[in-house]
$ cat target.pdb   # PDB, C-alpha atoms and all ligand atoms
MODEL        1
ATOM      1  CA  MET L 271     -20.345   1.753  -8.751  1.00  0.00           C
ATOM      2  CA  ALA L 272     -17.839   1.094 -11.436  1.00  0.00           C
ATOM      3  CA  ILE L 273     -14.524  -0.576 -11.967  1.00  0.00           C
ATOM      4  CA  ARG L 274     -12.138   2.173 -13.016  1.00  0.00           C
ATOM      5  CA  LYS L 275      -9.197   1.976 -15.380  1.00  0.00           C
ATOM      6  CA  ILE L 276      -5.882   1.853 -13.500  1.00  0.00           C
ATOM      7  CA  ALA L 277      -3.118   4.286 -14.481  1.00  0.00           C
ATOM      8  CA  ARG L 278       0.234   2.694 -15.271  1.00  0.00           C
ATOM      9  CA  MET L 279       3.764   3.829 -14.505  1.00  0.00           C
ATOM     10  CA  GLY L 280       4.683   6.690 -16.815  1.00  0.00           C
ATOM     11  CA  HIS L 281       1.316   8.464 -16.679  1.00  0.00           C
ATOM     12  CA  PRO L 282       1.778  11.942 -15.132  1.00  0.00           C
ATOM     13  CA  VAL L 283      -1.152  11.416 -12.721  1.00  0.00           C
ATOM     14  CA  LEU L 284       1.100   8.960 -10.852  1.00  0.00           C
ATOM     15  CA  GLN L 285       3.942  11.470 -10.630  1.00  0.00           C
ATOM     16  CA  GLY L 286       2.199  14.476  -9.109  1.00  0.00           C
ATOM     17  CA  VAL L 287       1.370  15.439  -5.536  1.00  0.00           C
ATOM     18  CA  ALA L 288      -2.320  14.752  -4.845  1.00  0.00           C
ATOM     19  CA  LYS L 289      -4.546  17.447  -3.347  1.00  0.00           C
ATOM     20  CA  PRO L 290      -6.043  17.376   0.153  1.00  0.00           C
ATOM     21  CA  VAL L 291      -9.767  16.546   0.218  1.00  0.00           C
ATOM     22  CA  PRO L 292     -11.652  19.628   1.505  1.00  0.00           C
ATOM     23  CA  ASP L 293     -14.681  17.641   2.768  1.00  0.00           C
ATOM     24  CA  PRO L 294     -14.268  13.882   3.387  1.00  0.00           C
ATOM     25  CA  THR L 295     -18.059  13.538   3.781  1.00  0.00           C
ATOM     26  CA  ALA L 296     -18.905  14.938   0.326  1.00  0.00           C
ATOM     27  CA  PRO L 297     -21.051  12.594  -1.823  1.00  0.00           C
ATOM     28  CA  GLU L 298     -18.533  12.643  -4.681  1.00  0.00           C
ATOM     29  CA  VAL L 299     -15.849  11.393  -2.265  1.00  0.00           C
ATOM     30  CA  LYS L 300     -18.123   8.484  -1.283  1.00  0.00           C
ATOM     31  CA  ALA L 301     -18.737   7.660  -4.936  1.00  0.00           C
ATOM     32  CA  LEU L 302     -15.028   7.735  -5.737  1.00  0.00           C
ATOM     33  CA  VAL L 303     -14.155   5.569  -2.722  1.00  0.00           C
ATOM     34  CA  ARG L 304     -16.806   3.009  -3.723  1.00  0.00           C
ATOM     35  CA  ASP L 305     -15.241   2.777  -7.173  1.00  0.00           C
ATOM     36  CA  MET L 306     -11.749   2.519  -5.681  1.00  0.00           C
ATOM     37  CA  ILE L 307     -12.794  -0.394  -3.458  1.00  0.00           C
ATOM     38  CA  GLU L 308     -14.537  -2.160  -6.320  1.00  0.00           C
ATOM     39  CA  THR L 309     -11.501  -1.628  -8.559  1.00  0.00           C
ATOM     40  CA  MET L 310      -9.070  -2.841  -5.885  1.00  0.00           C
ATOM     41  CA  ILE L 311     -11.066  -6.001  -5.183  1.00  0.00           C
ATOM     42  CA  ASP L 312     -11.555  -6.735  -8.880  1.00  0.00           C
ATOM     43  CA  ALA L 313      -7.785  -6.433  -9.412  1.00  0.00           C
ATOM     44  CA  ASN L 314      -7.056  -8.558  -6.315  1.00  0.00           C
ATOM     45  CA  GLY L 315      -5.059  -5.700  -4.784  1.00  0.00           C
ATOM     46  CA  ALA L 316      -4.144  -5.092  -1.150  1.00  0.00           C
ATOM     47  CA  GLY L 317      -4.509  -1.343  -1.572  1.00  0.00           C
ATOM     48  CA  LEU L 318      -5.250   1.443  -4.004  1.00  0.00           C
ATOM     49  CA  ALA L 319      -4.645   5.194  -4.036  1.00  0.00           C
ATOM     50  CA  ALA L 320      -6.910   7.696  -5.820  1.00  0.00           C
ATOM     51  CA  PRO L 321      -4.227   8.834  -8.322  1.00  0.00           C
ATOM     52  CA  GLN L 322      -4.114   5.223  -9.574  1.00  0.00           C
ATOM     53  CA  VAL L 323      -7.636   5.771 -10.942  1.00  0.00           C
ATOM     54  CA  TYR L 324      -6.708   9.185 -12.401  1.00  0.00           C
ATOM     55  CA  GLU L 325      -8.125  11.134  -9.417  1.00  0.00           C
ATOM     56  CA  PRO L 326      -5.411  13.346  -7.857  1.00  0.00           C
ATOM     57  CA  TRP L 327      -6.854  13.440  -4.318  1.00  0.00           C
ATOM     58  CA  ARG L 328      -5.333  12.332  -1.010  1.00  0.00           C
ATOM     59  CA  ILE L 329      -7.435   9.178  -0.574  1.00  0.00           C
ATOM     60  CA  VAL L 330      -6.238   5.595  -0.075  1.00  0.00           C
ATOM     61  CA  VAL L 331      -7.979   2.286   0.561  1.00  0.00           C
ATOM     62  CA  PHE L 332      -6.200  -0.826   1.822  1.00  0.00           C
ATOM     63  CA  GLN L 333      -6.444  -3.965   3.899  1.00  0.00           C
ATOM     64  CA  ALA L 334      -3.948  -6.043   5.840  1.00  0.00           C
ATOM     65  CA  PRO L 335      -5.472  -9.488   6.337  1.00  0.00           C
ATOM     66  CA  PRO L 336      -4.459 -11.679   9.309  1.00  0.00           C
ATOM     67  CA  GLU L 337      -2.881 -14.322   7.062  1.00  0.00           C
ATOM     68  CA  ARG L 338      -0.121 -11.806   6.250  1.00  0.00           C
ATOM     69  CA  ALA L 339       0.817 -11.258   9.896  1.00  0.00           C
ATOM     70  CA  PRO L 340       3.677 -13.313  11.355  1.00  0.00           C
ATOM     71  CA  GLU L 341       2.484 -16.414  13.192  1.00  0.00           C
ATOM     72  CA  GLU L 342       4.711 -16.132  16.244  1.00  0.00           C
ATOM     73  CA  ILE L 343       3.389 -12.821  17.647  1.00  0.00           C
ATOM     74  CA  ASP L 344       0.975 -12.385  20.522  1.00  0.00           C
ATOM     75  CA  GLU L 345      -2.613 -11.220  20.205  1.00  0.00           C
ATOM     76  CA  GLU L 346      -1.994  -7.625  21.220  1.00  0.00           C
ATOM     77  CA  GLU L 347       0.802  -7.155  18.698  1.00  0.00           C
ATOM     78  CA  ALA L 348      -1.164  -9.007  16.014  1.00  0.00           C
ATOM     79  CA  PHE L 349      -3.711  -6.193  16.218  1.00  0.00           C
ATOM     80  CA  ASP L 350      -1.096  -3.754  14.851  1.00  0.00           C
ATOM     81  CA  HIS L 351      -0.224  -6.123  12.009  1.00  0.00           C
ATOM     82  CA  THR L 352      -3.735  -6.352  10.597  1.00  0.00           C
ATOM     83  CA  ALA L 353      -6.327  -3.934   9.278  1.00  0.00           C
ATOM     84  CA  PRO L 354      -9.833  -4.450   7.947  1.00  0.00           C
ATOM     85  CA  LEU L 355     -10.749  -2.739   4.688  1.00  0.00           C
ATOM     86  CA  THR L 356      -9.838   0.849   5.553  1.00  0.00           C
ATOM     87  CA  VAL L 357     -10.587   4.166   3.860  1.00  0.00           C
ATOM     88  CA  LEU L 358      -8.113   6.887   4.758  1.00  0.00           C
ATOM     89  CA  ILE L 359      -8.606  10.460   3.600  1.00  0.00           C
ATOM     90  CA  ASN L 360      -5.857  13.088   3.972  1.00  0.00           C
ATOM     91  CA  PRO L 361      -3.548  10.559   5.679  1.00  0.00           C
ATOM     92  CA  GLU L 362      -0.485  11.480   7.692  1.00  0.00           C
ATOM     93  CA  ILE L 363       2.259   9.100   8.784  1.00  0.00           C
ATOM     94  CA  GLU L 364       4.439   9.286  11.873  1.00  0.00           C
ATOM     95  CA  ILE L 365       7.383   6.878  11.834  1.00  0.00           C
ATOM     96  CA  LEU L 366       7.720   5.122  15.210  1.00  0.00           C
ATOM     97  CA  SER L 367      11.004   3.305  14.672  1.00  0.00           C
ATOM     98  CA  GLU L 368      13.990   3.886  12.409  1.00  0.00           C
ATOM     99  CA  GLU L 369      14.128   0.147  11.803  1.00  0.00           C
ATOM    100  CA  ARG L 370      13.445  -0.861   8.215  1.00  0.00           C
ATOM    101  CA  GLU L 371      13.052  -4.248   6.590  1.00  0.00           C
ATOM    102  CA  LYS L 372      12.859  -5.446   3.021  1.00  0.00           C
ATOM    103  CA  GLY L 373       9.773  -7.140   1.673  1.00  0.00           C
ATOM    104  CA  TRP L 374       8.357  -7.937  -1.742  1.00  0.00           C
ATOM    105  CA  GLU L 375       5.872  -5.485  -3.200  1.00  0.00           C
ATOM    106  CA  GLY L 376       3.810  -5.288  -6.319  1.00  0.00           C
ATOM    107  CA  CYS L 377       1.736  -2.417  -7.643  1.00  0.00           C
ATOM    108  CA  LEU L 378      -1.388  -2.372  -9.789  1.00  0.00           C
ATOM    109  CA  SER L 379       0.234   0.532 -11.684  1.00  0.00           C
ATOM    110  CA  VAL L 380       3.383  -1.522 -12.356  1.00  0.00           C
ATOM    111  CA  PRO L 381       1.766  -4.768 -13.498  1.00  0.00           C
ATOM    112  CA  GLY L 382       3.729  -7.990 -13.706  1.00  0.00           C
ATOM    113  CA  LEU L 383       6.687  -6.842 -11.611  1.00  0.00           C
ATOM    114  CA  ARG L 384       7.819  -7.461  -8.040  1.00  0.00           C
ATOM    115  CA  GLY L 385      10.442  -5.587  -6.085  1.00  0.00           C
ATOM    116  CA  ALA L 386      12.128  -5.957  -2.685  1.00  0.00           C
ATOM    117  CA  VAL L 387      11.518  -2.621  -0.964  1.00  0.00           C
ATOM    118  CA  PRO L 388      12.914  -1.411   2.371  1.00  0.00           C
ATOM    119  CA  ARG L 389      10.135   0.073   4.539  1.00  0.00           C
ATOM    120  CA  TYR L 390       9.791   1.293   8.115  1.00  0.00           C
ATOM    121  CA  THR L 391       8.496  -1.504  10.324  1.00  0.00           C
ATOM    122  CA  ALA L 392       6.341   0.593  12.691  1.00  0.00           C
ATOM    123  CA  LEU L 393       4.354   3.756  12.225  1.00  0.00           C
ATOM    124  CA  ARG L 394       1.259   5.592  13.369  1.00  0.00           C
ATOM    125  CA  TYR L 395      -1.187   6.908  10.791  1.00  0.00           C
ATOM    126  CA  ARG L 396      -3.933   9.458  11.089  1.00  0.00           C
ATOM    127  CA  GLY L 397      -6.610  10.538   8.665  1.00  0.00           C
ATOM    128  CA  TYR L 398     -10.353  10.656   8.166  1.00  0.00           C
ATOM    129  CA  GLY L 399     -12.955   8.091   7.233  1.00  0.00           C
ATOM    130  CA  LEU L 400     -15.950   8.555   4.962  1.00  0.00           C
ATOM    131  CA  ASP L 401     -18.154   9.860   7.752  1.00  0.00           C
ATOM    132  CA  GLY L 402     -15.546  12.461   8.621  1.00  0.00           C
ATOM    133  CA  GLU L 403     -14.513  10.490  11.707  1.00  0.00           C
ATOM    134  CA  ALA L 404     -10.868  10.671  12.760  1.00  0.00           C
ATOM    135  CA  VAL L 405      -8.925   7.448  12.178  1.00  0.00           C
ATOM    136  CA  GLU L 406      -5.734   6.762  14.118  1.00  0.00           C
ATOM    137  CA  ARG L 407      -3.866   3.456  14.261  1.00  0.00           C
ATOM    138  CA  VAL L 408      -0.474   1.956  14.900  1.00  0.00           C
ATOM    139  CA  ALA L 409       0.711  -0.244  12.055  1.00  0.00           C
ATOM    140  CA  ARG L 410       3.477  -2.835  11.938  1.00  0.00           C
ATOM    141  CA  GLY L 411       4.825  -5.283   9.390  1.00  0.00           C
ATOM    142  CA  PHE L 412       2.763  -5.736   6.222  1.00  0.00           C
ATOM    143  CA  HIS L 413       0.157  -3.291   7.552  1.00  0.00           C
ATOM    144  CA  ALA L 414       2.853  -0.583   7.863  1.00  0.00           C
ATOM    145  CA  ARG L 415       4.234  -1.548   4.443  1.00  0.00           C
ATOM    146  CA  VAL L 416       0.930  -1.212   2.583  1.00  0.00           C
ATOM    147  CA  VAL L 417       0.221   2.158   4.240  1.00  0.00           C
ATOM    148  CA  GLN L 418       3.655   3.488   3.203  1.00  0.00           C
ATOM    149  CA  HIS L 419       3.154   2.154  -0.333  1.00  0.00           C
ATOM    150  CA  GLU L 420      -0.295   3.773  -0.698  1.00  0.00           C
ATOM    151  CA  CYS L 421       0.669   7.095   0.879  1.00  0.00           C
ATOM    152  CA  ASP L 422       3.709   7.264  -1.424  1.00  0.00           C
ATOM    153  CA  HIS L 423       1.258   7.228  -4.359  1.00  0.00           C
ATOM    154  CA  LEU L 424      -0.182  10.502  -3.003  1.00  0.00           C
ATOM    155  CA  ASP L 425       3.241  12.104  -3.338  1.00  0.00           C
ATOM    156  CA  GLY L 426       3.924  10.748  -6.815  1.00  0.00           C
ATOM    157  CA  ILE L 427       6.259   7.971  -5.660  1.00  0.00           C
ATOM    158  CA  LEU L 428       6.152   4.394  -6.990  1.00  0.00           C
ATOM    159  CA  TYR L 429       7.848   1.555  -5.124  1.00  0.00           C
ATOM    160  CA  PRO L 430      10.809   1.149  -7.543  1.00  0.00           C
ATOM    161  CA  GLN L 431      11.851   4.666  -6.462  1.00  0.00           C
ATOM    162  CA  ARG L 432      12.179   3.345  -2.876  1.00  0.00           C
ATOM    163  CA  MET L 433      14.398   0.416  -3.832  1.00  0.00           C
ATOM    164  CA  ASP L 434      18.119   0.357  -3.082  1.00  0.00           C
ATOM    165  CA  ASP L 435      19.005  -2.587  -5.332  1.00  0.00           C
ATOM    166  CA  LEU L 436      17.384  -2.848  -8.755  1.00  0.00           C
ATOM    167  CA  THR L 437      18.634  -6.422  -9.204  1.00  0.00           C
ATOM    168  CA  GLU L 438      15.706  -7.140  -6.878  1.00  0.00           C
ATOM    169  CA  LEU L 439      13.196  -5.760  -9.397  1.00  0.00           C
ATOM    170  CA  ILE L 440      11.893  -8.793 -11.245  1.00  0.00           C
ATOM    171  CA  PHE L 441       8.985 -10.152 -13.238  1.00  0.00           C
ATOM    172  CA  GLU L 442       6.484 -12.016 -11.088  1.00  0.00           C
ATOM    173  CA  THR L 443       6.722 -14.971 -13.466  1.00  0.00           C
ATOM    174  CA  GLU L 444      10.434 -15.296 -12.618  1.00  0.00           C
ATOM    175  CA  ALA L 445      10.001 -15.018  -8.833  1.00  0.00           C
ATOM    176  CA  LYS L 446      10.334 -18.742  -8.132  1.00  0.00           C
ATOM    177  CA  ALA L 447      13.495 -19.041 -10.192  1.00  0.00           C
ATOM    178  CA  TRP L 448      14.922 -15.848  -8.691  1.00  0.00           C
ATOM    179  CA  LEU L 449      14.255 -16.924  -5.131  1.00  0.00           C
ATOM    180  CA  ALA L 450      15.628 -20.411  -5.733  1.00  0.00           C
ATOM    181  CA  ALA L 451      18.890 -18.926  -7.035  1.00  0.00           C
ATOM    182  CA  ARG L 452      19.343 -16.149  -4.468  1.00  0.00           C
ATOM    183  CA  GLU L 453      17.855 -17.206  -1.134  1.00  0.00           C
ATOM    184  CA  PRO L 454      18.373 -20.210   1.124  1.00  0.00           C
ATOM    185  CA  ALA L 455      15.265 -22.381   0.932  1.00  0.00           C
ATOM    186  CA  GLY L 456      12.370 -21.147   3.027  1.00  0.00           C
ATOM    187  CA  GLU L 457      13.911 -17.847   4.066  1.00  0.00           C
ATOM    188  CA  THR L 458      11.987 -15.451   1.865  1.00  0.00           C
ATOM    189  CA  GLN L 459       8.322 -15.669   1.154  1.00  0.00           C
ATOM    190  CA  GLU L 460       6.863 -14.556  -2.106  1.00  0.00           C
ATOM    191  CA  GLU L 461       4.112 -11.959  -1.792  1.00  0.00           C
ATOM    192  CA  ASN L 462       1.253 -12.036  -4.236  1.00  0.00           C
ATOM    193  CA  ALA L 463      -0.842  -8.908  -3.855  1.00  0.00           C
ATOM    194  CA  ASP L 464      -0.411  -5.675  -5.729  1.00  0.00           C
ATOM    195  CA  ALA L 465      -1.180  -2.375  -4.090  1.00  0.00           C
TER     196      ALA L 465
HETATM  197 NI    NI N 501       0.787   0.771  -5.862  1.00  0.00          NI
ENDMDL
END

$ encode --input "target.pdb" --output "structure tokens" --more "lines below"
Ligand code: NI
Amino acid sequence: MAIRKIARMGHPVLQGVAKPVPDPTAPEVKALVRDMIETMIDANGAGLAAPQVYEPWRIVVFQAPPERAPEEIDEEEAFDHTAPLTVLINPEIEILSEEREKGWEGCLSVPGLRGAVPRYTALRYRGYGLDGEAVERVARGFHARVVQHECDHLDGILYPQRMDDLTELIFETEAKAWLAAREPAGETQEENADA
């Protein structure tokens, strides 16, 4: 296992379309995924896509911890809002609702910045795990957001390209000041994980 170097915005590996993985069970896929997980955890990220470690394959890892789910939802719905550490190979996304909402995102390939990004609020994703098993889940809220963010990396898209208002692209160090000036107190929560 090894912590890999993370590509930063501007490197062509982040701008290309990643290739489908021919065999999700191949040993070199396992080795790469291990490194991706170690790199993501070391960087305190919520997710990581293979192109971010200079590997142009359709592989993402992510997690959506319970503390990011809204508090007021019931148990059944909470299930869709959370995900354990997940490996998804050759992922596909099906949007379940046209509804979108803005939320703050960061990216390990765009260090130091935060942006408010509109994302679909509900989707279904399908792909394969490391043992070649089919993975299929419904995702909502932050879970849906992190999946969209990571899968965008596989198509060469970084979150600023999804933004509709670049005045909402800010340095993390200015987030408190920005929020204090723009939002009524308590309305918007600052997010702290990159992906
Ligand atoms: Ni990212």

$ atom_distance --input "target.pdb" --atom1 "atom CA of Phe412 of chain L" --atom2 "atom CA of Pro340 of chain L"
9.2 Å

$ residues_near_point --input "target.pdb" --point "(4.5, 4.4, 12.6)" --cutoff "9 Å" --atoms "all atoms listed in the file" --output "PyMOL selection string"
chain L and resi 363-367+390-395+407-410+414

$ resolve_selection --input "target.pdb" --expression "the PyMOL selection byres (((not hetatm)) within 8 of (chain N and resi 501))" --output "number ranges by chain"
L: 317-319, 322, 376-380, 419-420, 423, 428-429, 464-465

$ resolve_selection --input "target.pdb" --expression "the PyMOL selection byres (((chain L and resi 384) around 6) and not hetatm)" --output "list in words"
Glu375, Gly376, Leu383, Gly385, Leu439, Ile440, Phe441 and Glu442 of chain L

$ closest_residue --input "target.pdb" --among "L:Cys421, L:Leu358, L:Val303, L:Val405" --to "Val323 of chain L" --atoms "all atoms listed in the file"
L:Val303

$ atom_distance --input "target.pdb" --atom1 "atom CA of Glu298 of chain L" --atom2 "atom CA of Tyr398 of chain L"
15.4 Å

$ residues_around --input "target.pdb" --residues "Glu325 of chain L" --least-positions-apart "6" --cutoff "9 Å" --atoms "only C-alpha atoms" --output "CSV table (one decimal) with C-alpha atoms, in the coordinates of the input"
chain,number,residue,atom,x,y,z
L,283,VAL,CA,-1.2,11.4,-12.7
L,288,ALA,CA,-2.3,14.8,-4.8
L,302,LEU,CA,-15.0,7.7,-5.7
L,319,ALA,CA,-4.6,5.2,-4.0

$ residues_around --input "target.pdb" --residues "Pro282 of chain L" --least-positions-apart "4" --cutoff "10 Å" --atoms "all atoms listed in the file" --output "list in words"
Ala277, Arg278, Gly286, Pro321, Tyr324 and Gly426 of chain L

$ atom_distance --input "target.pdb" --atom1 "atom CA of Gly399 of chain L" --atom2 "atom CA of Pro294 of chain L"
7.1 Å

$ residues_near_point --input "target.pdb" --point "(0.2, -4.7, 13.3)" --cutoff "7 Å" --atoms "all atoms listed in the file" --output "MDAnalysis selection string"
chainID L and resid 347:352 408:411 413

$ write_last_selection --input "target.pdb" --atoms "C-alpha atoms" --output "PDB file, in the frame of the given file"
ATOM      1  CA  GLU L 347       0.802  -7.155  18.698  1.00  0.00           C
ATOM      2  CA  ALA L 348      -1.164  -9.007  16.014  1.00  0.00           C
ATOM      3  CA  PHE L 349      -3.711  -6.193  16.218  1.00  0.00           C
ATOM      4  CA  ASP L 350      -1.096  -3.754  14.851  1.00  0.00           C
ATOM      5  CA  HIS L 351      -0.224  -6.123  12.009  1.00  0.00           C
ATOM      6  CA  THR L 352      -3.735  -6.352  10.597  1.00  0.00           C
ATOM      7  CA  VAL L 408      -0.474   1.956  14.900  1.00  0.00           C
ATOM      8  CA  ALA L 409       0.711  -0.244  12.055  1.00  0.00           C
ATOM      9  CA  ARG L 410       3.477  -2.835  11.938  1.00  0.00           C
ATOM     10  CA  GLY L 411       4.825  -5.283   9.390  1.00  0.00           C
ATOM     11  CA  HIS L 413       0.157  -3.291   7.552  1.00  0.00           C
TER      12      HIS L 413
END

$ closest_residue --input "target.pdb" --among "L:Trp374, L:Asp435, L:Glu341, L:Phe332" --to "Asn314 of chain L" --atoms "all atoms listed in the file"
L:Phe332

$ closest_residue --input "target.pdb" --among "L:Leu355, L:Arg415, L:Arg452, L:Pro297" --to "Glu438 of chain L" --atoms "only C-alpha atoms"
L:Arg452

$ closest_residue --input "target.pdb" --among "L:Ile343, L:Ile276, L:Met306, L:Ile329" --to "Pro290 of chain L" --atoms "only C-alpha atoms"
L:Ile329

$ closest_residue --input "target.pdb" --among "L:Val287, L:Glu406, L:Ala313, L:Ala301" --to "Pro381 of chain L" --atoms "only C-alpha atoms"
L:Ala313

$ closest_residue --input "target.pdb" --among "L:Gly382, L:Gly280, L:Gly373, L:Pro430" --to "Arg338 of chain L" --atoms "all atoms listed in the file"
L:Gly373

$ residues_around --input "target.pdb" --residues "Lys289 of chain L" --least-positions-apart "2" --cutoff "8 Å" --atoms "all atoms listed in the file" --output "compact mmCIF listing (two decimals) with C-alpha atoms, in the frame of the given file"
# COMPACT_ATOMS: atom_id res chain seq x y z
CA VAL L 287 1.37 15.44 -5.54
CA VAL L 291 -9.77 16.55 0.22
CA PRO L 326 -5.41 13.35 -7.86
CA TRP L 327 -6.85 13.44 -4.32
CA ARG L 328 -5.33 12.33 -1.01

$ axis_aligned_box --input "target.pdb" --around "segment 287-305 of chain L" --padding-each-side "8 Å" --output "AutoDock Vina command-line options"
--center_x -9.8 --center_y 11.2 --center_z -1.7 --size_x 38.4 --size_y 32.9 --size_z 27.0

$ resolve_selection --input "target.pdb" --expression "the PyMOL selection byres (((chain L and resi 335) around 7) and not hetatm)" --output "MDAnalysis selection string"
chainID L and resid 333:334 336:338 352:354

$ decode --input "target.pdb" --residues "segment 371-384 of chain L" --atoms "N, CA, C and O atoms" --output "compact mmCIF listing (two decimals), in the first residue's frame"
# COMPACT_ATOMS: atom_id res chain seq x y z
N GLU L 371 -30.14 20.76 -5.57
CA GLU L 371 -29.91 21.72 -4.50
C GLU L 371 -28.42 22.05 -4.43
O GLU L 371 -27.58 21.25 -4.81
N LYS L 372 -28.16 23.26 -3.94
CA LYS L 372 -26.77 23.70 -3.82
C LYS L 372 -26.18 23.24 -2.51
O LYS L 372 -26.85 23.26 -1.48
N GLY L 373 -24.92 22.85 -2.55
CA GLY L 373 -24.21 22.52 -1.32
C GLY L 373 -22.73 22.79 -1.55
O GLY L 373 -22.25 22.81 -2.68
N TRP L 374 -22.02 22.99 -0.45
CA TRP L 374 -20.59 23.30 -0.54
C TRP L 374 -19.80 22.04 -0.85
O TRP L 374 -20.03 21.00 -0.25
N GLU L 375 -18.86 22.17 -1.78
CA GLU L 375 -17.96 21.06 -2.10
C GLU L 375 -16.52 21.54 -2.08
O GLU L 375 -16.23 22.70 -2.32
N GLY L 376 -15.66 20.59 -1.80
CA GLY L 376 -14.23 20.80 -1.96
C GLY L 376 -13.70 19.64 -2.76
O GLY L 376 -14.41 18.65 -2.99
N CYS L 377 -12.48 19.73 -3.23
CA CYS L 377 -11.90 18.66 -4.03
C CYS L 377 -10.41 18.57 -3.72
O CYS L 377 -9.73 19.60 -3.67
N LEU L 378 -9.93 17.35 -3.53
CA LEU L 378 -8.51 17.16 -3.23
C LEU L 378 -7.64 17.63 -4.40
O LEU L 378 -6.46 17.92 -4.20
N SER L 379 -8.20 17.75 -5.59
CA SER L 379 -7.47 18.22 -6.76
C SER L 379 -7.56 19.74 -6.93
O SER L 379 -6.94 20.30 -7.84
N VAL L 380 -8.37 20.37 -6.08
CA VAL L 380 -8.53 21.83 -6.11
C VAL L 380 -8.33 22.32 -4.67
O VAL L 380 -9.25 22.84 -4.04
N PRO L 381 -7.13 22.13 -4.12
CA PRO L 381 -6.94 22.33 -2.68
C PRO L 381 -7.16 23.78 -2.25
O PRO L 381 -6.81 24.70 -2.98
N GLY L 382 -7.76 23.90 -1.07
CA GLY L 382 -7.91 25.23 -0.46
C GLY L 382 -9.18 25.96 -0.83
O GLY L 382 -9.52 26.96 -0.22
N LEU L 383 -9.90 25.47 -1.84
CA LEU L 383 -11.10 26.16 -2.30
C LEU L 383 -12.37 25.42 -1.90
O LEU L 383 -12.36 24.21 -1.64
N ARG L 384 -13.46 26.18 -1.88
CA ARG L 384 -14.80 25.63 -1.65
C ARG L 384 -15.73 26.29 -2.66
O ARG L 384 -15.58 27.47 -2.95
